[in-house]
$ cat coords-v1.cif   # mmCIF, C-alpha atoms
data_data
loop_
_atom_site.label_atom_id
_atom_site.label_comp_id
_atom_site.auth_asym_id
_atom_site.auth_seq_id
_atom_site.Cartn_x
_atom_site.Cartn_y
_atom_site.Cartn_z
CA LYS A 22 8.45 -26.49 3.95
CA PRO A 23 10.29 -23.24 3.10
CA ALA A 24 8.48 -19.93 3.61
CA GLU A 25 6.59 -18.65 0.59
CA LYS A 26 8.08 -15.76 -1.34
CA PRO A 27 6.21 -12.46 -1.18
CA ASP A 28 4.91 -11.16 -4.49
CA ARG A 29 3.87 -7.91 -6.13
CA ILE A 30 0.13 -8.24 -5.45
CA LEU A 31 0.63 -8.92 -1.75
CA ALA A 32 3.00 -5.96 -1.50
CA ILE A 33 0.36 -3.68 -3.04
CA LEU A 34 -2.36 -5.07 -0.76
CA SER A 35 -0.24 -4.46 2.33
CA VAL A 36 0.23 -0.81 1.32
CA ARG A 37 -3.47 -0.36 0.56
CA GLU A 38 -4.36 -1.72 3.99
CA GLU A 39 -2.09 0.86 5.65
CA VAL A 40 -3.38 3.71 3.46
CA LEU A 41 -6.98 2.77 4.31
CA SER A 42 -6.18 2.91 8.02
CA GLN A 43 -5.16 6.57 7.59
CA LEU A 44 -8.26 7.79 5.72
CA GLU A 45 -11.31 9.57 7.19
CA ALA A 46 -13.72 7.47 5.10
CA PRO A 47 -11.89 4.30 4.00
CA LYS A 48 -15.04 2.72 2.49
CA THR A 49 -15.08 5.46 -0.15
CA ALA A 50 -11.50 4.83 -1.30
CA GLU A 51 -10.64 4.22 -4.95
CA PHE A 52 -6.99 3.34 -5.60
CA ASP A 53 -4.72 3.86 -8.58
CA VAL A 54 -1.22 2.38 -8.29
CA GLU A 55 1.16 4.22 -10.58
CA ASP A 56 4.43 2.39 -9.97
CA GLU A 57 5.73 -0.55 -8.04
CA ILE A 58 9.34 -1.61 -7.95
CA GLN A 59 10.85 -4.56 -6.14
CA VAL A 60 13.94 -3.13 -4.44
CA GLY A 61 15.03 -6.27 -2.61
CA SER A 62 14.00 -9.89 -2.28
CA ARG A 63 11.48 -8.94 0.43
CA THR A 64 10.99 -5.18 -0.14
CA TRP A 65 8.86 -3.12 -2.54
CA TRP A 66 8.56 0.60 -3.26
CA ILE A 67 5.08 1.68 -4.35
CA ARG A 68 3.73 5.02 -5.55
CA GLY A 69 0.05 5.64 -6.04
CA GLN A 70 -2.96 7.78 -5.39
CA VAL A 71 -6.29 7.32 -3.70
CA ASP A 72 -9.56 9.21 -4.03
CA ALA A 73 -11.64 9.24 -0.84
CA GLN A 74 -14.03 11.44 1.08
CA ASN A 75 -12.60 13.83 3.64
CA ALA A 76 -14.26 14.74 6.97
CA PHE A 77 -16.65 17.09 5.12
CA GLY A 78 -17.76 14.47 2.58
CA ALA A 79 -15.86 15.97 -0.36
CA MET A 80 -13.87 13.60 -2.56
CA ILE A 81 -10.18 14.44 -2.48
CA ARG A 82 -7.12 12.85 -4.06
CA GLY A 83 -4.18 11.83 -1.93
CA ARG A 84 -0.83 10.85 -3.41
CA TYR A 85 1.54 8.59 -1.54
CA THR A 86 4.77 6.68 -1.71
CA ALA A 87 5.32 3.61 0.42
CA THR A 88 7.94 1.08 1.27
CA THR A 89 6.70 -2.34 2.30
CA GLU A 90 8.83 -5.18 3.55
CA PHE A 91 7.84 -8.77 4.16
CA THR A 92 9.08 -9.40 7.70
CA GLY A 93 7.27 -12.57 8.71
CA SER A 94 6.77 -16.13 7.58
CA ASN A 95 3.38 -15.91 5.85
CA PRO A 96 3.35 -13.42 2.95
CA SER A 97 -0.43 -13.62 2.62
CA ALA A 98 -0.86 -12.35 6.21
CA ILE A 99 -1.03 -8.55 6.24
CA ASP A 100 0.47 -8.53 9.75
CA ASP A 101 3.65 -10.08 8.33
CA TRP A 102 4.38 -6.93 6.29
CA THR A 103 5.90 -3.69 7.62
CA VAL A 104 4.66 -0.63 5.74
CA LEU A 105 5.79 3.01 5.83
CA VAL A 106 3.54 5.45 3.95
CA THR A 107 4.55 9.02 3.10
CA TRP A 108 1.89 11.37 1.74
CA THR A 109 3.04 13.67 -1.08
CA LYS A 110 1.54 16.64 -2.87
#
$ encode --input "coords-v1.cif" --output "structure tokens"
Amino acid sequence: KPAEKPDRILAILSVREEVLSQLEAPKTAEFDVEDEIQVGSRTWWIRGQVDAQNAFGAMIRGRYTATTEFTGSNPSAIDDWTVLVTWTK
């Protein structure tokens, strides 16, 4: 059976997982994806923002861009995606 093709939703979920790992209070996160573009058969570019509490409990907005690439054999496994997040202002 050939490997499944990665899709847009899984690309977004892989980026969200990485963004959550970088937040002070990930359980408070609310995401808004602004753009997603497939830039290759296995690669996506995603721009979005997330509102989450900082270390002092105040809600702040973070903006990010990310590149995510499906690098494994199971696109529904988050570990099979490689994600690079850059925080912007």
$ closest_residue --input "coords-v1.cif" --among "A:Ser35, A:Thr109, A:Gln43, A:Thr49" --to "Gly78 (chain A)" --atoms "only C-alpha atoms"
A:Thr49
$ resolve_selection --input "coords-v1.cif" --expression "the PyMOL selection byres ((chain A and resi 89) around 12)" --output "MDAnalysis selection string"
chainID A and resid 27:40 57:68 86:88 90:92 96 99:107
$ resolve_selection --input "coords-v1.cif" --expression "the PyMOL selection byres ((chain A and resi 46) around 8)" --output "number ranges by chain"
A: 44-45, 47-50, 73-76
$ atom_distance --input "coords-v1.cif" --atom1 "CA of Asp56 (chain A)" --atom2 "CA of Ile81 (chain A)"
20.4 Å
$ atom_distance --input "coords-v1.cif" --atom1 "CA of Tyr85 (chain A)" --atom2 "CA of Val54 (chain A)"
9.6 Å
$ atom_distance --input "coords-v1.cif" --atom1 "CA of Gln70 (chain A)" --atom2 "CA of Phe52 (chain A)"
6.0 Å
$ build_atoms --input "coords-v1.cif" --residues "region 32-63 of chain A" --atoms "N, CA and C atoms" --output "PDB file, in the coordinates of the input"
ATOM      1  N   ALA A  32       2.356  -7.214  -1.884  1.00  0.00           N
ATOM      2  CA  ALA A  32       3.000  -5.960  -1.500  1.00  0.00           C
ATOM      3  C   ALA A  32       2.027  -4.793  -1.664  1.00  0.00           C
ATOM      4  N   ILE A  33       1.328  -4.744  -2.789  1.00  0.00           N
ATOM      5  CA  ILE A  33       0.360  -3.680  -3.040  1.00  0.00           C
ATOM      6  C   ILE A  33      -0.768  -3.734  -2.015  1.00  0.00           C
ATOM      7  N   LEU A  34      -1.275  -4.921  -1.734  1.00  0.00           N
ATOM      8  CA  LEU A  34      -2.360  -5.070  -0.760  1.00  0.00           C
ATOM      9  C   LEU A  34      -1.942  -4.617   0.635  1.00  0.00           C
ATOM     10  N   SER A  35      -0.698  -4.892   1.014  1.00  0.00           N
ATOM     11  CA  SER A  35      -0.240  -4.460   2.330  1.00  0.00           C
ATOM     12  C   SER A  35      -0.203  -2.935   2.427  1.00  0.00           C
ATOM     13  N   VAL A  36       0.198  -2.273   1.338  1.00  0.00           N
ATOM     14  CA  VAL A  36       0.230  -0.810   1.320  1.00  0.00           C
ATOM     15  C   VAL A  36      -1.197  -0.256   1.347  1.00  0.00           C
ATOM     16  N   ARG A  37      -2.086  -0.834   0.557  1.00  0.00           N
ATOM     17  CA  ARG A  37      -3.470  -0.360   0.560  1.00  0.00           C
ATOM     18  C   ARG A  37      -4.099  -0.457   1.943  1.00  0.00           C
ATOM     19  N   GLU A  38      -3.830  -1.537   2.636  1.00  0.00           N
ATOM     20  CA  GLU A  38      -4.360  -1.720   3.990  1.00  0.00           C
ATOM     21  C   GLU A  38      -3.900  -0.591   4.910  1.00  0.00           C
ATOM     22  N   GLU A  39      -2.620  -0.224   4.827  1.00  0.00           N
ATOM     23  CA  GLU A  39      -2.090   0.860   5.650  1.00  0.00           C
ATOM     24  C   GLU A  39      -2.676   2.206   5.241  1.00  0.00           C
ATOM     25  N   VAL A  40      -2.788   2.462   3.941  1.00  0.00           N
ATOM     26  CA  VAL A  40      -3.380   3.710   3.460  1.00  0.00           C
ATOM     27  C   VAL A  40      -4.822   3.822   3.958  1.00  0.00           C
ATOM     28  N   LEU A  41      -5.591   2.755   3.844  1.00  0.00           N
ATOM     29  CA  LEU A  41      -6.980   2.770   4.310  1.00  0.00           C
ATOM     30  C   LEU A  41      -7.081   3.126   5.785  1.00  0.00           C
ATOM     31  N   SER A  42      -6.134   2.638   6.583  1.00  0.00           N
ATOM     32  CA  SER A  42      -6.180   2.910   8.020  1.00  0.00           C
ATOM     33  C   SER A  42      -5.954   4.395   8.338  1.00  0.00           C
ATOM     34  N   GLN A  43      -5.451   5.157   7.373  1.00  0.00           N
ATOM     35  CA  GLN A  43      -5.160   6.570   7.590  1.00  0.00           C
ATOM     36  C   GLN A  43      -6.210   7.508   6.998  1.00  0.00           C
ATOM     37  N   LEU A  44      -7.237   6.970   6.371  1.00  0.00           N
ATOM     38  CA  LEU A  44      -8.260   7.790   5.720  1.00  0.00           C
ATOM     39  C   LEU A  44      -9.439   8.065   6.654  1.00  0.00           C
ATOM     40  N   GLU A  45     -10.099   9.221   6.431  1.00  0.00           N
ATOM     41  CA  GLU A  45     -11.310   9.570   7.190  1.00  0.00           C
ATOM     42  C   GLU A  45     -12.469   8.643   6.845  1.00  0.00           C
ATOM     43  N   ALA A  46     -12.604   8.296   5.566  1.00  0.00           N
ATOM     44  CA  ALA A  46     -13.720   7.470   5.100  1.00  0.00           C
ATOM     45  C   ALA A  46     -13.171   6.351   4.207  1.00  0.00           C
ATOM     46  N   PRO A  47     -12.558   5.333   4.798  1.00  0.00           N
ATOM     47  CA  PRO A  47     -11.890   4.300   4.000  1.00  0.00           C
ATOM     48  C   PRO A  47     -12.814   3.539   3.048  1.00  0.00           C
ATOM     49  N   LYS A  48     -14.107   3.458   3.366  1.00  0.00           N
ATOM     50  CA  LYS A  48     -15.040   2.720   2.490  1.00  0.00           C
ATOM     51  C   LYS A  48     -15.282   3.429   1.167  1.00  0.00           C
ATOM     52  N   THR A  49     -14.888   4.706   1.092  1.00  0.00           N
ATOM     53  CA  THR A  49     -15.080   5.460  -0.150  1.00  0.00           C
ATOM     54  C   THR A  49     -13.853   5.446  -1.042  1.00  0.00           C
ATOM     55  N   ALA A  50     -12.796   4.779  -0.616  1.00  0.00           N
ATOM     56  CA  ALA A  50     -11.500   4.830  -1.300  1.00  0.00           C
ATOM     57  C   ALA A  50     -11.519   4.129  -2.658  1.00  0.00           C
ATOM     58  N   GLU A  51     -10.895   4.787  -3.620  1.00  0.00           N
ATOM     59  CA  GLU A  51     -10.640   4.220  -4.950  1.00  0.00           C
ATOM     60  C   GLU A  51      -9.153   4.420  -5.235  1.00  0.00           C
ATOM     61  N   PHE A  52      -8.439   3.312  -5.451  1.00  0.00           N
ATOM     62  CA  PHE A  52      -6.990   3.340  -5.600  1.00  0.00           C
ATOM     63  C   PHE A  52      -6.561   3.326  -7.062  1.00  0.00           C
ATOM     64  N   ASP A  53      -5.398   3.940  -7.303  1.00  0.00           N
ATOM     65  CA  ASP A  53      -4.720   3.860  -8.580  1.00  0.00           C
ATOM     66  C   ASP A  53      -3.218   3.747  -8.277  1.00  0.00           C
ATOM     67  N   VAL A  54      -2.656   2.564  -8.502  1.00  0.00           N
ATOM     68  CA  VAL A  54      -1.220   2.380  -8.290  1.00  0.00           C
ATOM     69  C   VAL A  54      -0.504   2.800  -9.561  1.00  0.00           C
ATOM     70  N   GLU A  55       0.434   3.712  -9.419  1.00  0.00           N
ATOM     71  CA  GLU A  55       1.160   4.220 -10.580  1.00  0.00           C
ATOM     72  C   GLU A  55       2.423   3.440 -10.858  1.00  0.00           C
ATOM     73  N   ASP A  56       3.152   3.095  -9.812  1.00  0.00           N
ATOM     74  CA  ASP A  56       4.430   2.390  -9.970  1.00  0.00           C
ATOM     75  C   ASP A  56       4.630   1.438  -8.814  1.00  0.00           C
ATOM     76  N   GLU A  57       5.240   0.315  -9.101  1.00  0.00           N
ATOM     77  CA  GLU A  57       5.730  -0.550  -8.040  1.00  0.00           C
ATOM     78  C   GLU A  57       7.040  -1.161  -8.507  1.00  0.00           C
ATOM     79  N   ILE A  58       8.004  -1.125  -7.627  1.00  0.00           N
ATOM     80  CA  ILE A  58       9.340  -1.610  -7.950  1.00  0.00           C
ATOM     81  C   ILE A  58       9.814  -2.508  -6.817  1.00  0.00           C
ATOM     82  N   GLN A  59      10.269  -3.690  -7.158  1.00  0.00           N
ATOM     83  CA  GLN A  59      10.850  -4.560  -6.140  1.00  0.00           C
ATOM     84  C   GLN A  59      12.293  -4.113  -5.946  1.00  0.00           C
ATOM     85  N   VAL A  60      12.610  -3.679  -4.721  1.00  0.00           N
ATOM     86  CA  VAL A  60      13.940  -3.130  -4.440  1.00  0.00           C
ATOM     87  C   VAL A  60      14.803  -4.085  -3.625  1.00  0.00           C
ATOM     88  N   GLY A  61      14.299  -5.237  -3.336  1.00  0.00           N
ATOM     89  CA  GLY A  61      15.030  -6.270  -2.610  1.00  0.00           C
ATOM     90  C   GLY A  61      14.208  -7.542  -2.669  1.00  0.00           C
ATOM     91  N   SER A  62      14.737  -8.625  -2.183  1.00  0.00           N
ATOM     92  CA  SER A  62      14.000  -9.890  -2.280  1.00  0.00           C
ATOM     93  C   SER A  62      12.731  -9.873  -1.454  1.00  0.00           C
ATOM     94  N   ARG A  63      12.649  -8.998  -0.443  1.00  0.00           N
ATOM     95  CA  ARG A  63      11.480  -8.940   0.430  1.00  0.00           C
ATOM     96  C   ARG A  63      10.899  -7.524   0.547  1.00  0.00           C
TER      97      ARG A  63
END
